[in-house]
Each structure stands twice: as C-alpha cells, then as structure tokens.
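Chemist: Next comes the structure file protein_37.cif, holding mmCIF, C-alpha atoms.
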```cif
data_data
loop_
_atom_site.label_atom_id
_atom_site.label_comp_id
_atom_site.auth_asym_id
_atom_site.auth_seq_id
_atom_site.Cartn_x
_atom_site.Cartn_y
_atom_site.Cartn_z
CA MET A 1 5.31 -0.74 17.14
CA LYS A 2 3.76 -4.26 17.06
CA LYS A 3 0.45 -2.83 15.88
CA GLU A 4 2.24 -1.09 13.04
CA TYR A 5 3.96 -4.30 11.93
CA ILE A 6 0.68 -6.21 12.09
CA LYS A 7 -0.99 -3.51 10.00
CA CYS A 8 1.84 -3.68 7.41
CA VAL A 9 1.52 -7.47 7.11
CA ALA A 10 -2.28 -7.35 7.02
CA VAL A 11 -2.48 -4.65 4.33
CA LEU A 12 0.11 -6.33 2.10
CA THR A 13 -1.64 -9.71 2.53
CA VAL A 14 -5.06 -8.29 1.68
CA ILE A 15 -3.70 -6.49 -1.41
CA CYS A 16 -1.99 -9.72 -2.56
CA LEU A 17 -5.20 -11.70 -2.06
CA VAL A 18 -7.34 -9.18 -3.97
CA VAL A 19 -4.83 -9.10 -6.84
CA ALA A 20 -4.72 -12.92 -6.88
CA VAL A 21 -8.52 -13.09 -7.11
CA LEU A 22 -8.53 -10.56 -10.00
CA LEU A 23 -5.87 -12.60 -11.82
CA ALA A 24 -7.80 -15.82 -11.27
CA VAL A 25 -10.96 -14.23 -12.73
CA THR A 26 -9.04 -12.89 -15.76
CA ASN A 27 -7.32 -16.24 -16.25
CA SER A 28 -10.63 -18.11 -16.09
CA PHE A 29 -11.93 -16.43 -19.25
CA THR A 30 -8.65 -15.90 -21.13
CA ALA A 31 -7.18 -19.42 -20.60
CA PRO A 32 -9.63 -21.20 -22.97
CA VAL A 33 -9.06 -18.53 -25.66
CA ILE A 34 -5.26 -18.80 -25.27
CA ALA A 35 -5.44 -22.62 -25.46
CA GLU A 36 -7.64 -22.37 -28.57
CA ASN A 37 -5.16 -19.94 -30.19
CA LYS A 38 -2.28 -22.31 -29.42
CA ALA A 39 -4.13 -25.30 -30.88
CA LYS A 40 -4.90 -23.34 -34.07
CA THR A 41 -1.25 -22.25 -34.33
CA ILE A 42 -0.05 -25.86 -33.91
CA GLN A 43 -2.48 -27.14 -36.53
CA ALA A 44 -1.33 -24.42 -38.95
CA SER A 45 2.32 -25.24 -38.24
CA LEU A 46 1.71 -28.98 -38.91
CA GLN A 47 0.41 -28.04 -42.35
CA GLN A 48 3.36 -25.71 -42.82
CA VAL A 49 6.01 -28.38 -42.18
CA ILE A 50 4.22 -31.16 -44.11
CA PRO A 51 1.79 -29.42 -46.52
CA GLY A 52 -1.39 -31.31 -47.28
CA GLY A 53 -0.69 -33.95 -44.62
CA SER A 54 -3.17 -35.53 -42.27
CA PHE A 55 -1.92 -36.20 -38.77
CA GLU A 56 -2.47 -38.69 -36.00
CA GLU A 57 -1.27 -37.84 -32.48
CA LEU A 58 0.91 -40.48 -30.85
CA ALA A 59 1.40 -41.19 -27.16
CA LEU A 60 4.75 -39.85 -26.01
CA PRO A 61 7.26 -42.41 -24.69
CA ALA A 62 7.53 -42.37 -20.91
CA ASP A 63 11.14 -41.17 -20.98
CA ALA A 64 10.62 -38.56 -23.70
CA PRO A 65 12.35 -35.20 -23.00
CA GLU A 66 10.21 -32.53 -21.31
CA THR A 67 10.63 -30.15 -24.25
CA VAL A 68 8.57 -32.47 -26.51
CA THR A 69 4.92 -31.69 -25.83
CA ALA A 70 3.32 -33.72 -28.62
CA LEU A 71 4.27 -36.08 -31.42
CA TYR A 72 2.26 -36.63 -34.60
CA ARG A 73 2.58 -39.21 -37.38
CA GLU A 74 1.69 -38.24 -40.92
CA THR A 75 -0.81 -40.95 -41.89
CA SER A 76 0.40 -41.43 -45.49
CA GLY A 77 3.95 -42.14 -44.25
CA LYS A 78 5.67 -38.81 -45.02
CA GLY A 79 7.24 -38.74 -41.56
CA TYR A 80 6.68 -37.51 -38.02
CA VAL A 81 6.15 -34.07 -36.52
CA ALA A 82 7.35 -33.10 -33.04
CA VAL A 83 5.80 -30.14 -31.22
CA LEU A 84 8.28 -28.62 -28.77
CA ALA A 85 8.37 -25.96 -26.08
CA ALA A 86 11.90 -24.75 -25.30
CA THR A 87 13.12 -22.12 -22.86
CA SER A 88 16.41 -20.34 -22.36
CA GLN A 89 17.84 -18.06 -19.70
CA TYR A 90 16.33 -15.11 -21.59
CA SER A 91 12.83 -16.48 -22.26
CA ASN A 92 9.63 -14.69 -21.39
CA GLY A 93 7.65 -17.74 -22.42
CA ASP A 94 8.01 -21.01 -24.22
CA MET A 95 9.66 -20.94 -27.63
CA GLY A 96 7.13 -22.92 -29.69
CA ILE A 97 8.74 -25.13 -32.32
CA THR A 98 7.21 -27.57 -34.78
CA ALA A 99 9.74 -29.88 -36.44
CA ALA A 100 9.07 -32.41 -39.18
CA ILE A 101 11.31 -35.48 -39.21
CA GLY A 102 11.52 -37.35 -42.49
CA THR A 103 11.48 -41.13 -42.91
CA ASP A 104 15.32 -41.03 -43.10
CA GLY A 105 15.48 -39.69 -39.52
CA SER A 106 16.64 -36.19 -40.42
CA ILE A 107 14.99 -32.81 -39.82
CA ALA A 108 12.85 -32.10 -42.90
CA ALA A 109 11.22 -28.78 -41.98
CA VAL A 110 10.99 -26.44 -38.99
CA SER A 111 8.45 -23.81 -38.03
CA ILE A 112 8.53 -21.44 -35.05
CA THR A 113 5.10 -20.87 -33.52
CA GLY A 114 6.07 -18.70 -30.56
CA TYR A 115 9.15 -16.65 -29.82
CA TYR A 116 9.57 -14.71 -26.57
CA GLU A 117 13.35 -14.46 -26.33
CA SER A 118 15.00 -11.12 -25.58
CA LYS A 119 17.16 -11.45 -28.74
CA ASP A 120 16.06 -12.56 -32.18
CA PHE A 121 18.31 -15.29 -33.60
CA GLY A 122 16.73 -14.89 -37.03
CA ARG A 123 13.44 -16.72 -36.76
CA ASP A 124 13.13 -17.16 -40.52
CA THR A 125 16.71 -18.17 -41.28
CA TYR A 126 18.38 -19.84 -38.28
CA PRO A 127 15.98 -22.83 -37.98
CA GLN A 128 16.58 -23.62 -41.66
CA THR A 129 20.25 -24.41 -40.87
CA PHE A 130 19.00 -27.55 -39.07
CA ILE A 131 17.35 -29.05 -42.14
CA GLY A 132 19.02 -32.34 -42.94
CA ALA A 133 20.52 -32.68 -39.44
CA THR A 134 20.32 -36.13 -37.87
CA ALA A 135 20.70 -37.29 -34.25
CA ASP A 136 24.46 -37.64 -34.88
CA THR A 137 25.01 -34.23 -36.50
CA VAL A 138 22.46 -31.94 -34.83
CA MET A 139 24.82 -30.78 -32.08
CA ASP A 140 27.40 -29.72 -34.70
CA VAL A 141 25.15 -26.95 -36.04
CA ASP A 142 26.58 -23.53 -35.09
CA VAL A 143 24.85 -21.32 -32.54
CA PHE A 144 23.78 -17.80 -33.52
CA SER A 145 26.23 -15.17 -32.33
CA GLY A 146 24.54 -12.59 -30.08
CA ALA A 147 21.72 -14.98 -29.16
CA THR A 148 23.80 -17.89 -27.86
CA TYR A 149 21.43 -19.00 -25.09
CA SER A 150 18.34 -18.85 -27.31
CA SER A 151 20.01 -20.71 -30.19
CA ASN A 152 21.41 -23.33 -27.80
CA ALA A 153 17.90 -23.87 -26.40
CA PHE A 154 16.66 -24.27 -29.98
CA LYS A 155 19.47 -26.71 -30.82
CA GLU A 156 18.76 -28.84 -27.75
CA ALA A 157 15.07 -28.90 -28.67
CA MET A 158 15.98 -30.21 -32.13
CA ALA A 159 18.13 -32.92 -30.50
CA ASP A 160 15.19 -33.80 -28.21
CA ALA A 161 12.85 -34.09 -31.21
CA LEU A 162 15.25 -36.49 -32.93
CA ALA A 163 15.75 -38.49 -29.71
CA THR A 164 11.97 -38.86 -29.28
CA TYR A 165 11.67 -39.93 -32.92
CA SER A 166 14.33 -42.62 -32.29
CA MET A 167 12.46 -43.85 -29.19
CA VAL A 168 9.20 -44.16 -31.11
CA LYS A 169 10.88 -45.96 -34.03
CA GLU A 170 12.64 -48.37 -31.65
CA ALA A 171 9.39 -49.04 -29.80
CA SER A 172 7.50 -49.74 -33.04
CA ALA A 173 10.33 -51.95 -34.37
CA GLY A 174 10.68 -53.84 -31.10
CA MET B 1 -4.06 22.97 -10.71
CA LYS B 2 -6.72 22.84 -13.45
CA LYS B 3 -7.80 19.36 -14.47
CA SER B 4 -6.82 20.01 -18.08
CA ASN B 5 -3.35 21.10 -16.97
CA ILE B 6 -2.85 17.81 -15.09
CA VAL B 7 -3.36 15.97 -18.37
CA LEU B 8 -1.51 18.43 -20.61
CA LYS B 9 1.66 18.68 -18.51
CA GLY B 10 2.49 15.05 -19.35
CA LEU B 11 2.41 15.71 -23.08
CA LEU B 12 5.33 18.14 -23.38
CA LYS B 13 6.28 20.16 -20.30
CA GLU B 14 6.75 17.09 -18.10
CA ASN B 15 6.91 14.46 -20.82
CA PRO B 16 7.98 11.26 -19.02
CA VAL B 17 10.38 10.17 -21.78
CA PHE B 18 11.92 13.35 -23.18
CA VAL B 19 11.85 15.59 -20.08
CA LEU B 20 11.76 13.32 -17.01
CA LEU B 21 13.91 10.70 -18.83
CA LEU B 22 11.91 7.79 -17.43
CA GLY B 23 11.12 4.53 -19.25
CA THR B 24 14.15 4.75 -21.55
CA CYS B 25 14.57 0.96 -21.89
CA PRO B 26 11.12 0.18 -23.40
CA THR B 27 11.30 3.39 -25.44
CA LEU B 28 14.51 2.34 -27.18
CA ALA B 29 13.48 -1.31 -27.48
CA THR B 30 9.95 -0.97 -28.84
CA SER B 31 10.33 2.13 -31.02
CA THR B 32 11.72 0.16 -33.98
CA SER B 33 8.23 -0.12 -35.46
CA VAL B 34 5.10 2.02 -35.24
CA ILE B 35 2.82 -0.94 -34.44
CA SER B 36 4.91 -2.17 -31.49
CA ALA B 37 5.31 1.40 -30.19
CA LEU B 38 1.54 1.94 -30.36
CA ALA B 39 0.85 -1.36 -28.58
CA MET B 40 3.45 -0.70 -25.88
CA GLY B 41 2.19 2.88 -25.37
CA LEU B 42 -1.44 1.78 -25.01
CA ALA B 43 -0.57 -1.12 -22.67
CA ALA B 44 1.57 1.13 -20.45
CA THR B 45 -1.14 3.85 -20.45
CA ALA B 46 -3.80 1.35 -19.33
CA VAL B 47 -1.56 0.09 -16.51
CA LEU B 48 -0.58 3.64 -15.54
CA ILE B 49 -4.19 4.87 -15.24
CA CYS B 50 -5.40 1.78 -13.35
CA SER B 51 -2.44 1.64 -10.95
CA ASN B 52 -2.66 5.40 -10.26
CA ILE B 53 -6.37 5.07 -9.42
CA VAL B 54 -5.87 2.10 -7.07
CA ILE B 55 -2.79 3.53 -5.36
CA SER B 56 -4.50 6.88 -4.87
CA ALA B 57 -7.61 5.18 -3.48
CA LEU B 58 -5.48 3.18 -1.01
CA ARG B 59 -3.12 6.03 -0.08
CA ASN B 60 -4.54 6.35 3.42
CA VAL B 61 -4.60 2.60 3.99
CA ILE B 62 -1.13 1.54 2.82
CA PRO B 63 1.47 2.00 5.59
CA ASP B 64 4.61 3.91 4.53
CA LYS B 65 6.96 1.04 5.37
CA VAL B 66 5.38 -1.39 2.89
CA ARG B 67 4.21 1.06 0.26
CA ILE B 68 6.74 0.02 -2.42
CA PRO B 69 5.90 -3.74 -2.16
CA CYS B 70 2.19 -2.79 -2.24
CA TYR B 71 2.68 -0.63 -5.35
CA ILE B 72 4.65 -3.39 -7.07
CA VAL B 73 1.93 -5.98 -6.33
CA VAL B 74 -0.78 -3.66 -7.69
CA ILE B 75 1.26 -2.76 -10.80
CA ALA B 76 2.29 -6.39 -11.44
CA GLY B 77 -1.36 -7.43 -11.11
CA PHE B 78 -2.50 -4.95 -13.77
CA VAL B 79 0.42 -5.82 -16.07
CA THR B 80 -0.43 -9.53 -15.84
CA ILE B 81 -4.10 -8.79 -16.60
CA VAL B 82 -3.08 -6.75 -19.69
CA GLN B 83 -0.66 -9.53 -20.67
CA LEU B 84 -3.35 -12.24 -20.41
CA LEU B 85 -5.86 -10.14 -22.37
CA MET B 86 -3.31 -9.41 -25.12
CA GLN B 87 -2.23 -13.05 -25.29
CA ALA B 88 -5.87 -14.10 -25.70
CA TYR B 89 -7.25 -11.43 -28.02
CA LEU B 90 -4.18 -9.82 -29.69
CA PRO B 91 -1.69 -12.72 -29.94
CA SER B 92 0.40 -11.21 -32.74
CA LEU B 93 0.94 -7.99 -30.76
CA TYR B 94 1.70 -10.03 -27.64
CA GLU B 95 4.40 -11.88 -29.53
CA MET B 96 5.74 -8.66 -31.05
CA LEU B 97 6.21 -6.98 -27.64
CA GLY B 98 7.78 -10.13 -26.16
CA VAL B 99 9.61 -9.61 -22.89
CA TYR B 100 8.99 -5.83 -22.84
CA LEU B 101 5.29 -6.28 -22.03
CA ALA B 102 6.14 -8.03 -18.75
CA LEU B 103 8.82 -5.42 -18.06
CA ILE B 104 6.09 -2.73 -17.72
CA VAL B 105 6.07 -3.87 -14.06
CA VAL B 106 9.44 -2.22 -13.52
CA ASN B 107 8.78 0.74 -15.84
CA CYS B 108 10.06 3.79 -13.96
CA ILE B 109 7.20 5.96 -15.23
CA ILE B 110 4.56 3.82 -13.53
CA LEU B 111 6.39 3.42 -10.22
CA GLY B 112 7.55 7.05 -10.40
CA ARG B 113 3.99 8.40 -10.82
CA ALA B 114 2.69 6.07 -8.08
CA GLU B 115 5.35 7.31 -5.68
CA GLY B 116 5.56 10.92 -6.82
CA TYR B 117 1.91 11.76 -7.55
CA ALA B 118 -0.78 9.12 -6.95
CA ASN B 119 0.06 8.53 -3.28
CA SER B 120 -0.49 12.19 -2.41
CA HIS B 121 -3.43 13.19 -4.66
CA LYS B 122 -7.13 12.43 -5.00
CA VAL B 123 -8.33 9.55 -7.19
CA GLY B 124 -9.62 11.80 -10.01
CA GLU B 125 -6.40 13.81 -10.20
CA ALA B 126 -4.29 10.63 -10.10
CA ALA B 127 -6.33 9.15 -12.95
CA LEU B 128 -5.86 12.33 -15.02
CA ASP B 129 -2.13 12.32 -14.25
CA GLY B 130 -1.97 8.67 -15.39
CA LEU B 131 -3.82 9.58 -18.56
CA GLY B 132 -1.55 12.57 -19.32
CA MET B 133 1.66 10.70 -18.58
CA GLY B 134 0.41 7.68 -20.54
CA ILE B 135 -0.42 9.79 -23.58
CA GLY B 136 2.94 11.55 -23.22
CA PHE B 137 4.71 8.17 -23.18
CA LEU B 138 2.63 6.99 -26.16
CA LEU B 139 3.38 10.15 -28.18
CA ALA B 140 7.10 9.92 -27.37
CA LEU B 141 7.17 6.29 -28.49
CA LEU B 142 5.26 7.11 -31.66
CA CYS B 143 7.57 10.05 -32.54
CA MET B 144 10.63 7.84 -32.09
CA ALA B 145 9.05 4.91 -33.95
CA ILE B 146 7.92 7.00 -36.94
CA ILE B 147 11.41 8.46 -37.40
CA ARG B 148 13.15 5.11 -36.91
CA GLU B 149 10.82 2.97 -39.02
CA VAL B 150 10.31 5.45 -41.87
CA LEU B 151 13.96 6.49 -42.24
CA GLY B 152 15.57 3.28 -40.94
CA ASN B 153 13.39 0.66 -42.60
CA GLY B 154 11.65 2.61 -45.38
CA SER B 155 8.21 1.58 -44.18
CA PHE B 156 5.32 2.87 -42.07
CA ALA B 157 3.44 0.41 -39.82
CA GLY B 158 4.84 -2.42 -41.93
CA MET B 159 3.81 -0.88 -45.29
CA ALA B 160 6.76 -0.19 -47.59
CA ILE B 161 7.30 3.42 -48.73
CA PRO B 162 8.42 3.29 -52.41
CA PHE B 163 11.45 5.64 -52.57
CA LEU B 164 12.56 5.31 -48.94
CA LYS B 165 12.56 1.49 -49.05
CA ASP B 166 15.65 1.61 -51.31
CA HIS B 167 17.28 4.58 -49.58
CA CYS B 168 16.85 3.79 -45.87
CA ILE B 169 19.40 4.28 -43.06
CA PRO B 170 19.47 0.84 -41.35
CA ILE B 171 21.41 2.03 -38.29
CA LEU B 172 18.29 3.92 -37.14
CA VAL B 173 16.44 0.67 -36.35
CA GLN B 174 19.46 -0.68 -34.49
CA SER B 175 20.49 0.18 -30.92
CA PRO B 176 22.92 3.05 -31.77
CA GLY B 177 20.25 4.64 -33.99
CA GLY B 178 17.78 4.45 -31.10
CA PHE B 179 20.15 6.45 -28.86
CA LEU B 180 20.82 8.92 -31.68
CA VAL B 181 17.11 9.62 -32.30
CA PHE B 182 16.48 9.71 -28.53
CA GLY B 183 19.19 12.37 -28.05
CA ILE B 184 17.87 14.48 -30.93
CA MET B 185 14.31 14.29 -29.57
CA ILE B 186 15.46 15.33 -26.07
CA ALA B 187 17.26 18.33 -27.60
CA LEU B 188 14.19 19.28 -29.64
CA VAL B 189 11.82 19.04 -26.66
CA SER B 190 14.29 21.00 -24.54
CA ALA B 191 14.36 23.73 -27.20
CA LEU B 192 10.55 23.76 -27.40
CA THR B 193 10.17 24.09 -23.63
CA ASN B 194 13.10 26.56 -23.43
CA GLY B 195 14.94 24.03 -21.25
CA LYS B 196 12.54 24.62 -18.36
CA ALA B 197 12.60 21.20 -16.77
CA PRO B 198 10.51 20.70 -13.62
CA ILE B 199 12.20 21.74 -10.39
CA LYS B 200 14.12 18.80 -8.98
CA LYS B 201 13.72 17.72 -5.39
CA SER B 202 16.65 18.19 -3.06
CA PHE B 203 18.89 15.16 -2.59
CA ASP B 204 19.17 15.39 1.20
CA CYS B 205 17.06 13.40 3.65
CA GLU B 206 14.07 15.73 3.31
CA GLY B 207 13.92 15.27 -0.44
CA CYS B 208 14.09 11.49 -0.18
CA PRO B 209 10.70 9.82 -0.65
CA SER B 210 11.81 7.04 1.71
CA ALA B 211 12.89 9.43 4.48
CA LYS B 212 9.99 8.53 6.76
CA ALA B 213 10.32 4.81 6.24
CA CYS B 214 14.08 4.31 6.15
CA GLY B 215 14.51 4.71 9.90
CA LYS B 216 17.84 6.53 9.71
CA LEU B 217 18.39 8.31 13.01
CA THR B 218 20.63 10.89 11.35
CA CYS B 219 17.56 12.52 9.85
CA SER B 220 15.58 14.62 12.27
CA GLY B 221 12.21 13.62 10.80
CA CYS B 222 12.98 9.94 11.08
CA ALA B 223 14.46 10.36 14.53
CA ASN B 224 11.24 11.98 15.71
CA GLU B 225 9.23 9.20 14.19
CA GLU B 226 11.34 6.59 15.95
CA LYS B 227 10.98 8.43 19.26
CA GLU B 228 7.19 8.62 18.81
CA ALA B 229 7.06 4.92 18.05
CA ALA B 230 9.17 4.11 21.12
CA VAL B 231 6.86 6.22 23.33
CA ASN B 232 3.79 4.46 21.87
CA ASP B 233 5.34 1.06 22.69
#
```
I need this file expressed as structure tokens, please.

Modeler:
Amino acid sequence: MKKEYIKCVAVLTVICLVVAVLLAVTNSFTAPVIAENKAKTIQASLQQVIPGGSFEELALPADAPETVTALYRETSGKGYVAVLAATSQYSNGDMGITAAIGTDGSIAAVSITGYYESKDFGRDTYPQTFIGATADTVMDVDVFSGATYSSNAFKEAMADALATYSMVKEASAG
Amino acid sequence: MKKSNIVLKGLLKENPVFVLLLGTCPTLATSTSVISALAMGLAATAVLICSNIVISALRNVIPDKVRIPCYIVVIAGFVTIVQLLMQAYLPSLYEMLGVYLALIVVNCIILGRAEGYANSHKVGEAALDGLGMGIGFLLALLCMAIIREVLGNGSFAGMAIPFLKDHCIPILVQSPGGFLVFGIMIALVSALTNGKAPIKKSFDCEGCPSAKACGKLTCSGCANEEKEAAVND
C-alpha cells in the first residue's frame, strides 16, 4: 500500500515539474512579445485620449492605489493620463484602462485597452458616462446592470485615477 | 477500427457537441461570431490532440488513484501554453475569447476523451481520436456561429451582409437564441444519424470509470482490489 502511495505522489510530482518546465520555456519567449504588445497598446491609448500629445512619465506617489500602474503628464499642459489595471470577481485578467484627466481635475477621456470580464458592460459606451466626473462625483455614476462587479471595478479605478491626480497636484503645489 | 473511422466518427456519428452533448458552455458562449468560434475550435482541437497524445503515452505510468489530477495538470499545462501563444501572437483573438480560453481546462470534451479513450488506446489512435473530436467540435461551433451571426447580426466574420443587416433576428446572438439554435442542430443531427447515439455505459459500479479507484467495498471489483492490497501489505 505504501509503495502505491509513494508511486502516486512521485508520478504526480514529476508530471507537475515537467509541465512547469514547459510553461517556463513558453513564458520565456512569449513574455517579451506580450510586454511589447502591451506597451504598444498603451502608447496608442495615450494618443487616443489626448490626440497629438507628447507624454512624460511621472513617478507614482508612494501611497498611490495599486490599480494605477503609470501616470503620464502631457508636456504642453493639456492634462494627465493615468494607466490603470483593474480586476473584479469575474476577471480573467487585468482590465486595462487609460484615463485622461483634464486641467480642471475631471475625467476628459477614457479608453479600454484590455477587457477580460465574463460580461461586457458596453466597452464603447459605459466608460463615456464618466467623462466630466470629478473626485467628488465619480462614485455617483451608475453601475451597469448585469455587469455590476465589472462596472464597480471600473468605477473604483476611475476614483483611483482621480485620487492619484490629486496626490500629484498636491505634491507639486506643496 | 480503421484509422479513418477513428477520425470520422467525431464529425457526425459521435459528434462531441450535438451527439455526446459535451462542451455546451463554450459552444453557446463563443458561437456568437464566426471568428471567435473558429479560434475557440482550433484552440480546443490543439489542446485535445496534445493532451490525448500525452495521456495515452503515460497510460501505463499514471496510477489509477491520481489519474484525474494528472490529466488536469497535463490539460491545464497545454491550455496555458496555447493561452500564452495567443496572447503574444494573436492578441485580438485572445481578447475576443476572454475567459472561455482558460475554461478549456474544464471542457468536458477534453477530460471526457482523456478518460474515455486516450487512457486505454495507443498513442496514434488517441491522436486521431483527438483530431476527429476536435474537428467535430470545430464544425459544430462553426455551424452554430454561421447561423447565429448571419441571421442574428446580419454579418459573416464581421463583414456586413447588405439585406440581412437590416432584417436580422437579434435574439439569435443572445443566450436564448443560442439554446434555440443548439436544440435545432441536435434535432437535425439526430435525424441525420437516425437517432443512433452511441451505446451508453451502464450506471452501476462496473460502468463507473472510477470504480477501481473509489475504494467502495460494496463493489466486488473494488473489494477484491482492497483485499489484494491488504495481502500485499
């Protein structure tokens, strides 16, 4: 009986190790391509939210929310752009969001760069309902019925973008 | 069985979707457009062939008691490899399939063929079975997707069809329409095959694929196995 159990454990362990090695090999050559694709998508989304802009990446404040992965300043003073990665209970990957914040501190434009939720909250229409929202009003925007978790994750990401913007403005003013 | 028959049986006579009624969830979810159906079908076929080959090759090595965890690890490994490759080289398709690509791991067709065929047949036959079942799944998805996208959205592979675009039946691309088309397709395939579904296994202990591993002493086979094990100890 003991021999049988040892064999079971050994076989399962060996199979797991072989599969792990195969995944590591695949990841080693796909990871750079995936990172390159993501960078291209982010660059395209920056141009989409502030067309014709040129961008300078800023260091994130130490207490910036985890959803904010990068923050850019448009060099001619058109505003800021936050790059976000949000997740919900029904995510199969990060929901990529690029949000432009105007000089008045309100959401000026939003672009979705990745969407892996099990329900579509209307990728082309729902984000547009946040345009004009400020840190005080962003949580008043309605969620999308039928995709409550995904739209809540999106709403919280928008609030995080505005909070990070406020931190950066306060830091530069202070 | 002839090698050609192993492949051909998956297309109609033992079609995994319309006859064996396996993989219904991804079928209904990804058959709203021809492109996503094609991508899902090809991804599942690749995983099915590879997992069948590996499971068949290891059939004498994997102990019965841990065979399901072993199959799941092998299948999950192949699904993750397909996922990484699609994310790197076909990002738009990866995004289109969303959560359903990862869910291939728990696709009943793949686990069903591993358990019901690959673990008791030679590598070549298991590969052909994977190919046949994969093509059967792909064809089923494509049939459903063509009907749903053309009639429900008035387009084919994203290209608008002039007259149908203005006279489409939107319910067909929604969940109820998926069930409706699925039911009609099952009826059609049943009529084509004269309702001759494959013979089902018995539902008693002997027909249970886990009979040897479950350790229930009520079953004579398992009881013998337990006795043998006790004697060996």

Chemist: Determine the residue set returned by the PyMOL selection byres ((chain A and resi 145-147) around 8) for the present structure, and present it as a PyMOL selection string.

Modeler: chain A and resi 119-121+143-144+148-151

Chemist: Out of A:Ile15, A:Thr67, A:Ala39, A:Cys8, which residue has the shortest atom-to-atom distance to Lys65 in chain B when counting all atoms listed in the file?

Modeler: A:Cys8

Chemist: Would you mind reading off the distance between CA of Ala44 in chain B and CA of Gly93 in chain A, one decimal, in Å?

Modeler: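 Here the two named atoms are 19.9 Å from each other.
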
Chemist: Quick one: which residues from chain B are at most 7 Å off chain A, using all atoms listed in the file, as a PyMOL selection string?

Modeler: chain B and resi 62-63+66+70+73-74+77+81+84-85+87-88+95+98-99+229+233

Chemist: Check which residues satisfy the PyMOL selection byres ((chain B and resi 177-194) around 9) in the file shown, then give them as a PDB file with C-alpha atoms, in the coordinates of the input.

Modeler:
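Now in selection.pdb:
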```
ATOM      1  CA  LEU B  12       5.330  18.140 -23.380  1.00  0.00           C
ATOM      2  CA  LYS B  13       6.280  20.160 -20.300  1.00  0.00           C
ATOM      3  CA  ASN B  15       6.910  14.460 -20.820  1.00  0.00           C
ATOM      4  CA  VAL B  17      10.380  10.170 -21.780  1.00  0.00           C
ATOM      5  CA  PHE B  18      11.920  13.350 -23.180  1.00  0.00           C
ATOM      6  CA  VAL B  19      11.850  15.590 -20.080  1.00  0.00           C
ATOM      7  CA  LEU B  21      13.910  10.700 -18.830  1.00  0.00           C
ATOM      8  CA  THR B  24      14.150   4.750 -21.550  1.00  0.00           C
ATOM      9  CA  THR B  27      11.300   3.390 -25.440  1.00  0.00           C
ATOM     10  CA  LEU B  28      14.510   2.340 -27.180  1.00  0.00           C
ATOM     11  CA  ALA B  29      13.480  -1.310 -27.480  1.00  0.00           C
ATOM     12  CA  SER B  31      10.330   2.130 -31.020  1.00  0.00           C
ATOM     13  CA  THR B  32      11.720   0.160 -33.980  1.00  0.00           C
ATOM     14  CA  ALA B 140       7.100   9.920 -27.370  1.00  0.00           C
ATOM     15  CA  CYS B 143       7.570  10.050 -32.540  1.00  0.00           C
ATOM     16  CA  MET B 144      10.630   7.840 -32.090  1.00  0.00           C
ATOM     17  CA  ILE B 147      11.410   8.460 -37.400  1.00  0.00           C
ATOM     18  CA  ARG B 148      13.150   5.110 -36.910  1.00  0.00           C
ATOM     19  CA  GLY B 152      15.570   3.280 -40.940  1.00  0.00           C
ATOM     20  CA  PRO B 170      19.470   0.840 -41.350  1.00  0.00           C
ATOM     21  CA  ILE B 171      21.410   2.030 -38.290  1.00  0.00           C
ATOM     22  CA  LEU B 172      18.290   3.920 -37.140  1.00  0.00           C
ATOM     23  CA  VAL B 173      16.440   0.670 -36.350  1.00  0.00           C
ATOM     24  CA  GLN B 174      19.460  -0.680 -34.490  1.00  0.00           C
ATOM     25  CA  SER B 175      20.490   0.180 -30.920  1.00  0.00           C
ATOM     26  CA  PRO B 176      22.920   3.050 -31.770  1.00  0.00           C
ATOM     27  CA  GLY B 195      14.940  24.030 -21.250  1.00  0.00           C
ATOM     28  CA  LYS B 196      12.540  24.620 -18.360  1.00  0.00           C
ATOM     29  CA  ALA B 197      12.600  21.200 -16.770  1.00  0.00           C
TER      30      ALA B 197
END
```

Chemist: On this file, the PyMOL selection byres ((chain B and resi 136) around 8) gives some set of residues; write that set as a ChimeraX atom specification.

Modeler: /B:10-12,15-17,132-135,137-140

Chemist: Using all atoms listed in the file - which residues lie no farther than 12 Å from the point (9.9, -42.6, -31.6) in the file's frame? Write them as a VMD selection string.

Modeler: chain A and resid 58 to 65 68 70 to 73 79 to 82 101 103 105 160 to 174

Chemist: Kindly give the distance, in Å, that separates CA of Asn52 in chain B and CA of Ile72 in chain B, rounded to a single decimal.

Modeler: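 Atom-to-atom, CA of Asn52 in chain B to CA of Ile72 in chain B, that is 11.9 Å.
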
Chemist: Can you tell me how far CA of Pro69 in chain B sits from CA of Cys108 in chain B, in Å to one decimal?

Modeler: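 Computed distance, CA of Pro69 in chain B to CA of Cys108 in chain B, equals 14.6 Å.
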
Chemist: Enclose range 104-108 of chain B, meaning all of its atoms listed in the file, in a box aligned along x, y and z, pad it by 6 Å on each side, and list the centre and edge lengths in Å to one decimal, as JSON.

Modeler:
```
{"center_x": 8.1, "center_y": 0.0, "center_z": -15.6, "size_x": 16.0, "size_y": 19.7, "size_z": 16.2}
```

Chemist: Which residues are close to Ala86 in chain A, i.e. within 8 Å by all atoms listed in the file, leaving aside same-chain residues fewer than 5 positions away? Reply as a PyMOL selection string.

Modeler: chain A and resi 67+94-97+153-154+157

Chemist: List as a PyMOL selection string: which residues have an atom within 6 Å of (4.5, 4.1, -31.4), counting all atoms listed in the file?

Modeler: chain B and resi 34+37-38+141-142+145
